[in-house]
file final-v9.txt (compact mmCIF, C-alpha atoms and all ligand atoms)
# COMPACT_ATOMS: atom_id res chain seq x y z
CA MET A 1234 20.28 2.64 -16.75
CA ASN A 1235 19.79 3.06 -13.00
CA ILE A 1236 16.78 4.08 -10.97
CA GLU A 1237 16.46 7.87 -10.78
CA ASP A 1238 13.62 10.35 -10.44
CA GLN A 1239 11.26 10.49 -13.43
CA ARG A 1240 12.08 6.99 -14.60
CA VAL A 1241 9.45 4.30 -14.97
CA VAL A 1242 10.48 1.26 -12.97
CA LYS A 1243 8.81 -2.13 -12.97
CA ILE A 1244 9.33 -4.38 -9.97
CA HIS A 1245 8.35 -7.82 -8.83
CA TYR A 1246 7.90 -8.05 -5.10
CA ILE A 1247 6.92 -10.33 -2.26
CA LEU A 1248 5.73 -8.63 0.92
CA LYS A 1249 5.76 -10.62 4.16
CA ASP A 1250 4.85 -9.81 7.74
CA ASP A 1251 6.94 -10.47 10.86
CA VAL A 1252 6.06 -14.17 11.00
CA GLY A 1253 6.80 -14.75 7.31
CA ASP A 1254 3.22 -14.86 6.02
CA ILE A 1255 2.77 -13.34 2.58
CA ILE A 1256 0.69 -10.13 2.72
CA ASP A 1257 0.97 -9.26 -0.96
CA SER A 1258 2.94 -10.39 -3.98
CA SER A 1259 3.28 -9.73 -7.70
CA GLU A 1260 4.04 -13.39 -8.40
CA GLY A 1261 2.08 -14.68 -11.36
CA LYS A 1262 1.11 -11.12 -12.31
CA GLU A 1263 2.64 -8.35 -14.40
CA PRO A 1264 5.43 -6.49 -12.56
CA LEU A 1265 4.27 -3.37 -10.72
CA PRO A 1266 5.09 -0.15 -12.64
CA TYR A 1267 5.69 3.18 -10.89
CA ILE A 1268 7.40 6.51 -11.60
CA HIS A 1269 10.36 6.94 -9.26
CA GLY A 1270 10.42 10.09 -7.13
CA THR A 1271 6.70 10.76 -7.21
CA GLY A 1272 5.85 9.24 -3.84
CA ALA A 1273 4.00 6.37 -5.49
CA LEU A 1274 5.71 3.83 -3.23
CA ILE A 1275 6.26 3.96 0.52
CA PRO A 1276 9.36 6.05 1.42
CA GLY A 1277 11.45 3.15 2.74
CA LEU A 1278 11.02 1.19 -0.47
CA GLU A 1279 11.74 4.12 -2.82
CA ARG A 1280 14.93 4.91 -0.94
CA GLU A 1281 16.09 1.31 -1.17
CA LEU A 1282 15.37 1.22 -4.91
CA ALA A 1283 17.20 4.47 -5.79
CA GLY A 1284 20.34 3.97 -7.87
CA ARG A 1285 19.80 0.26 -8.51
CA ALA A 1286 19.84 -1.40 -11.94
CA ALA A 1287 17.48 -3.77 -13.76
CA GLY A 1288 17.94 -7.39 -12.68
CA GLU A 1289 19.01 -6.51 -9.15
CA GLU A 1290 17.32 -8.36 -6.32
CA PHE A 1291 17.27 -7.33 -2.69
CA GLU A 1292 15.50 -7.80 0.62
CA VAL A 1293 14.60 -4.95 2.95
CA THR A 1294 12.75 -4.59 6.25
CA ILE A 1295 10.75 -1.38 6.58
CA GLU A 1296 9.48 -0.04 9.89
CA PRO A 1297 6.04 1.66 10.04
CA GLU A 1298 7.47 5.21 10.02
CA GLU A 1299 9.05 4.48 6.61
CA GLY A 1300 6.05 2.43 5.51
CA TYR A 1301 2.35 3.14 6.00
CA GLY A 1302 2.79 5.05 9.25
CA GLU A 1303 2.02 4.23 12.86
CA LEU A 1304 -1.47 3.19 13.90
CA ASP A 1305 -3.50 6.24 14.90
CA PRO A 1306 -5.82 5.17 17.74
CA GLU A 1307 -8.07 8.15 17.00
CA LEU A 1308 -8.93 6.57 13.65
CA VAL A 1309 -10.42 3.54 15.42
CA GLN A 1310 -13.97 4.38 16.46
CA ALA A 1311 -17.04 2.59 17.74
CA VAL A 1312 -20.17 3.72 15.91
CA ASP A 1313 -23.80 2.81 16.22
CA ARG A 1314 -24.60 -0.21 14.05
CA SER A 1315 -27.20 1.81 12.15
CA VAL A 1316 -24.37 3.98 10.78
CA VAL A 1317 -23.08 1.17 8.55
CA GLY A 1318 -26.59 0.11 7.53
CA ASP A 1319 -27.78 -3.38 6.80
CA ILE A 1320 -24.77 -5.34 5.59
CA GLU A 1321 -25.10 -9.04 5.07
CA GLY A 1322 -22.52 -11.12 6.93
CA LEU A 1323 -20.99 -8.12 8.69
CA GLN A 1324 -17.89 -9.41 10.49
CA PRO A 1325 -14.44 -8.35 11.71
CA GLY A 1326 -11.89 -8.04 8.90
CA MET A 1327 -14.39 -6.80 6.31
CA GLN A 1328 -13.46 -3.69 4.38
CA LEU A 1329 -16.20 -1.09 3.91
CA GLU A 1330 -16.37 1.93 1.65
CA ALA A 1331 -17.12 5.18 3.43
CA ARG A 1332 -17.28 8.81 2.36
CA ASP A 1333 -15.55 11.55 4.30
CA PRO A 1334 -17.13 15.02 4.69
CA ASP A 1335 -15.45 16.12 1.43
CA GLY A 1336 -17.04 13.25 -0.47
CA HIS A 1337 -13.81 11.29 -0.95
CA VAL A 1338 -14.08 7.52 -0.78
CA ARG A 1339 -12.20 6.04 2.17
CA TYR A 1340 -11.85 2.43 3.15
CA VAL A 1341 -12.42 1.37 6.71
CA ILE A 1342 -11.84 -2.03 8.25
CA VAL A 1343 -14.39 -3.58 10.57
CA ARG A 1344 -12.59 -4.54 13.80
CA GLU A 1345 -15.43 -5.60 16.08
CA VAL A 1346 -19.13 -6.23 15.67
CA SER A 1347 -21.61 -6.34 18.52
CA GLU A 1348 -25.37 -6.10 18.79
CA GLU A 1349 -25.34 -2.34 19.18
CA THR A 1350 -22.04 -1.08 17.82
CA VAL A 1351 -19.40 -1.63 15.18
CA VAL A 1352 -15.75 -0.70 15.66
CA LEU A 1353 -14.34 0.83 12.46
CA ASP A 1354 -10.66 1.39 11.73
CA ALA A 1355 -9.79 4.07 9.17
CA ASN A 1356 -6.01 3.53 9.37
CA PRO A 1357 -4.33 2.33 6.17
CA PRO A 1358 -4.58 -1.50 6.23
CA LEU A 1359 -0.81 -1.87 6.74
CA ALA A 1360 -0.35 0.98 9.23
CA GLY A 1361 1.71 -0.03 12.25
CA ARG A 1362 3.14 -3.09 10.50
CA THR A 1363 6.79 -3.88 9.91
CA LEU A 1364 7.11 -4.87 6.26
CA HIS A 1365 9.55 -7.39 4.83
CA PHE A 1366 10.03 -6.97 1.09
CA LYS A 1367 11.86 -9.09 -1.43
CA VAL A 1368 12.16 -7.08 -4.63
CA THR A 1369 13.44 -7.85 -8.13
CA ILE A 1370 13.87 -4.94 -10.54
CA ASP A 1371 12.31 -5.95 -13.84
CA SER A 1372 12.98 -2.90 -16.03
CA ILE A 1373 13.85 0.81 -16.02
CA ARG A 1374 13.10 3.43 -18.70
CA GLU A 1375 12.59 7.18 -18.98
CA ALA A 1376 9.02 8.32 -18.33
CA THR A 1377 7.24 9.99 -21.25
CA ALA A 1378 6.07 13.62 -20.98
CA GLU A 1379 2.50 12.31 -20.83
CA GLU A 1380 3.26 9.95 -17.96
CA LEU A 1381 4.94 12.75 -16.00
CA GLU A 1382 1.95 14.98 -16.61
CA HIS A 1383 -0.44 12.26 -15.40
CA GLY A 1384 1.80 11.28 -12.50
CA HIS A 1385 1.59 7.57 -13.25
CA ALA A 1386 3.14 4.99 -15.57
CA HIS A 1387 1.24 3.87 -18.69
ZN ZN B 1 -2.44 8.50 -17.55

call {"tool": "encode", "arguments": {"input": "final-v9.txt", "output": "structure tokens"}}
result
Amino acid sequence: MNIEDQRVVKIHYILKDDVGDIIDSSEGKEPLPYIHGTGALIPGLERELAGRAAGEEFEVTIEPEEGYGELDPELVQAVDRSVVGDIEGLQPGMQLEARDPDGHVRYVIVREVSEETVVLDANPPLAGRTLHFKVTIDSIREATAEELEHGHAH
């Protein structure tokens, strides 16, 4: 069975940045399940997976436009420190939970902290990054009607 839309695929992966540091990995964990063709993975990775069979292993480099998108400078904003409230050990690199005007939870990354202001970055954490994946396809099966209805693998 090969990877096609509406099939549940489980993959092991190692994600590295341009200098070879590991950003994320499924090593030592359960393989990551997803339903192919639902946009669950970044476009560059789904395209590379399409048509492959269980047991296959490959490496792929994905540019930002096929990954998490380019960095949007408008999503990086300096706000008054009072906006984030009293957070213990506030420092660059911290991830904070914020709510947008619709009440959805968004994550923002603290980029700079000064006496008066905090610079917050609402871009996806991997926006603007070139991603280097090593992927092993663990298994492939048809999705159940329930999984398709829910839009995720069980
Ligand atoms: Zn479900």

call {"tool": "residues_around", "arguments": {"input": "final-v9.txt", "residues": "stretch 1249-1266 of chain A", "least_positions_apart": "4", "cutoff": "6 Å", "atoms": "only C-alpha atoms", "output": "NGL selection string"}}
result
:A and (1242-1245 or 1364-1365)

call {"tool": "write_last_selection", "arguments": {"input": "final-v9.txt", "atoms": "C-alpha atoms", "output": "tab-separated table (two decimals), in the frame of the given file"}}
result
chain	number	residue	atom	x	y	z
A	1242	VAL	CA	10.48	1.26	-12.97
A	1243	LYS	CA	8.81	-2.13	-12.97
A	1244	ILE	CA	9.33	-4.38	-9.97
A	1245	HIS	CA	8.35	-7.82	-8.83
A	1364	LEU	CA	7.11	-4.87	6.26
A	1365	HIS	CA	9.55	-7.39	4.83

call {"tool": "closest_atom_pairs", "arguments": {"input": "final-v9.txt", "of": "chain A", "to": "ligand ZN 1 (chain B)", "cutoff": "10 Å", "atoms": "all atoms listed in the file", "output": "tab-separated table"}}
result
residue	atom	partner	partner_atom	distance
A:Glu1379	CA	B:ZN1	ZN	7.0
A:Glu1380	CA	B:ZN1	ZN	5.9
A:Leu1381	CA	B:ZN1	ZN	8.7
A:Glu1382	CA	B:ZN1	ZN	7.9
A:His1383	CA	B:ZN1	ZN	4.8
A:Gly1384	CA	B:ZN1	ZN	7.2
A:His1385	CA	B:ZN1	ZN	6.0
A:Ala1386	CA	B:ZN1	ZN	6.9
A:His1387	CA	B:ZN1	ZN	6.0

call {"tool": "residues_around", "arguments": {"input": "final-v9.txt", "residues": "A:Thr1294", "least_positions_apart": "3", "cutoff": "12 Å", "atoms": "only C-alpha atoms", "output": "PyMOL selection string"}}
result
chain A and resi 1247-1251+1253+1277-1278+1281+1291+1297-1300+1362-1368

call {"tool": "atom_distance", "arguments": {"input": "final-v9.txt", "atom1": "atom CA of A:Gly1288", "atom2": "atom CA of A:Asn1235"}}
result
10.6 Å

call {"tool": "residues_around", "arguments": {"input": "final-v9.txt", "residues": "A:Asp1238", "least_positions_apart": "4", "cutoff": "8 Å", "atoms": "only C-alpha atoms", "output": "PyMOL selection string"}}
result
chain A and resi 1268-1271

call {"tool": "residues_around", "arguments": {"input": "final-v9.txt", "residues": "A:Arg1344", "least_positions_apart": "2", "cutoff": "6 Å", "atoms": "all atoms listed in the file", "output": "list in words"}}
result
Pro1325, Val1352 and Leu1353 of chain A

call {"tool": "residues_around", "arguments": {"input": "final-v9.txt", "residues": "A:Ala1286", "least_positions_apart": "4", "cutoff": "10 Å", "atoms": "all atoms listed in the file", "output": "list in words"}}
result
Met1234, Asn1235, Ile1236, Glu1237, Val1242, Leu1282, Glu1290, Thr1369, Ile1370, Asp1371, Ser1372 and Ile1373 of chain A

call {"tool": "atom_distance", "arguments": {"input": "final-v9.txt", "atom1": "atom CA of A:Pro1334", "atom2": "atom CA of A:Ala1355"}}
result
13.9 Å

call {"tool": "atom_distance", "arguments": {"input": "final-v9.txt", "atom1": "atom CA of A:Ala1273", "atom2": "atom CA of A:Ala1376"}}
result
13.9 Å

call {"tool": "closest_residue", "arguments": {"input": "final-v9.txt", "among": "A:Asp1313, A:Asp1305, A:Glu1296, A:Glu1330", "to": "A:Pro1276", "atoms": "all atoms listed in the file"}}
result
A:Glu1296

call {"tool": "closest_residue", "arguments": {"input": "final-v9.txt", "among": "A:Val1338, A:Glu1375, A:Gln1239, A:Gly1322", "to": "A:Gly1272", "atoms": "only C-alpha atoms"}}
result
A:Gln1239

call {"tool": "closest_residue", "arguments": {"input": "final-v9.txt", "among": "A:Val1343, A:Val1351, A:Val1241, A:Leu1359", "to": "A:Ala1287", "atoms": "all atoms listed in the file"}}
result
A:Val1241

call {"tool": "axis_aligned_box", "arguments": {"input": "final-v9.txt", "around": "stretch 1302-1308 of chain A", "padding_each_side": "5 Å", "output": "JSON"}}
result
{"center_x": -3.1, "center_y": 5.7, "center_z": 13.5, "size_x": 21.7, "size_y": 15.0, "size_z": 18.5}

call {"tool": "closest_residue", "arguments": {"input": "final-v9.txt", "among": "A:Leu1308, A:Gly1326, A:Ile1275, A:Gly1318", "to": "A:Thr1350", "atoms": "all atoms listed in the file"}}
result
A:Gly1318

call {"tool": "closest_residue", "arguments": {"input": "final-v9.txt", "among": "A:Val1293, A:Glu1307, A:Gln1328, A:Glu1321", "to": "A:Tyr1246", "atoms": "all atoms listed in the file"}}
result
A:Val1293

call {"tool": "closest_residue", "arguments": {"input": "final-v9.txt", "among": "A:Arg1332, A:Ala1360, A:Ala1311, A:Ile1320", "to": "A:Glu1345", "atoms": "only C-alpha atoms"}}
result
A:Ala1311
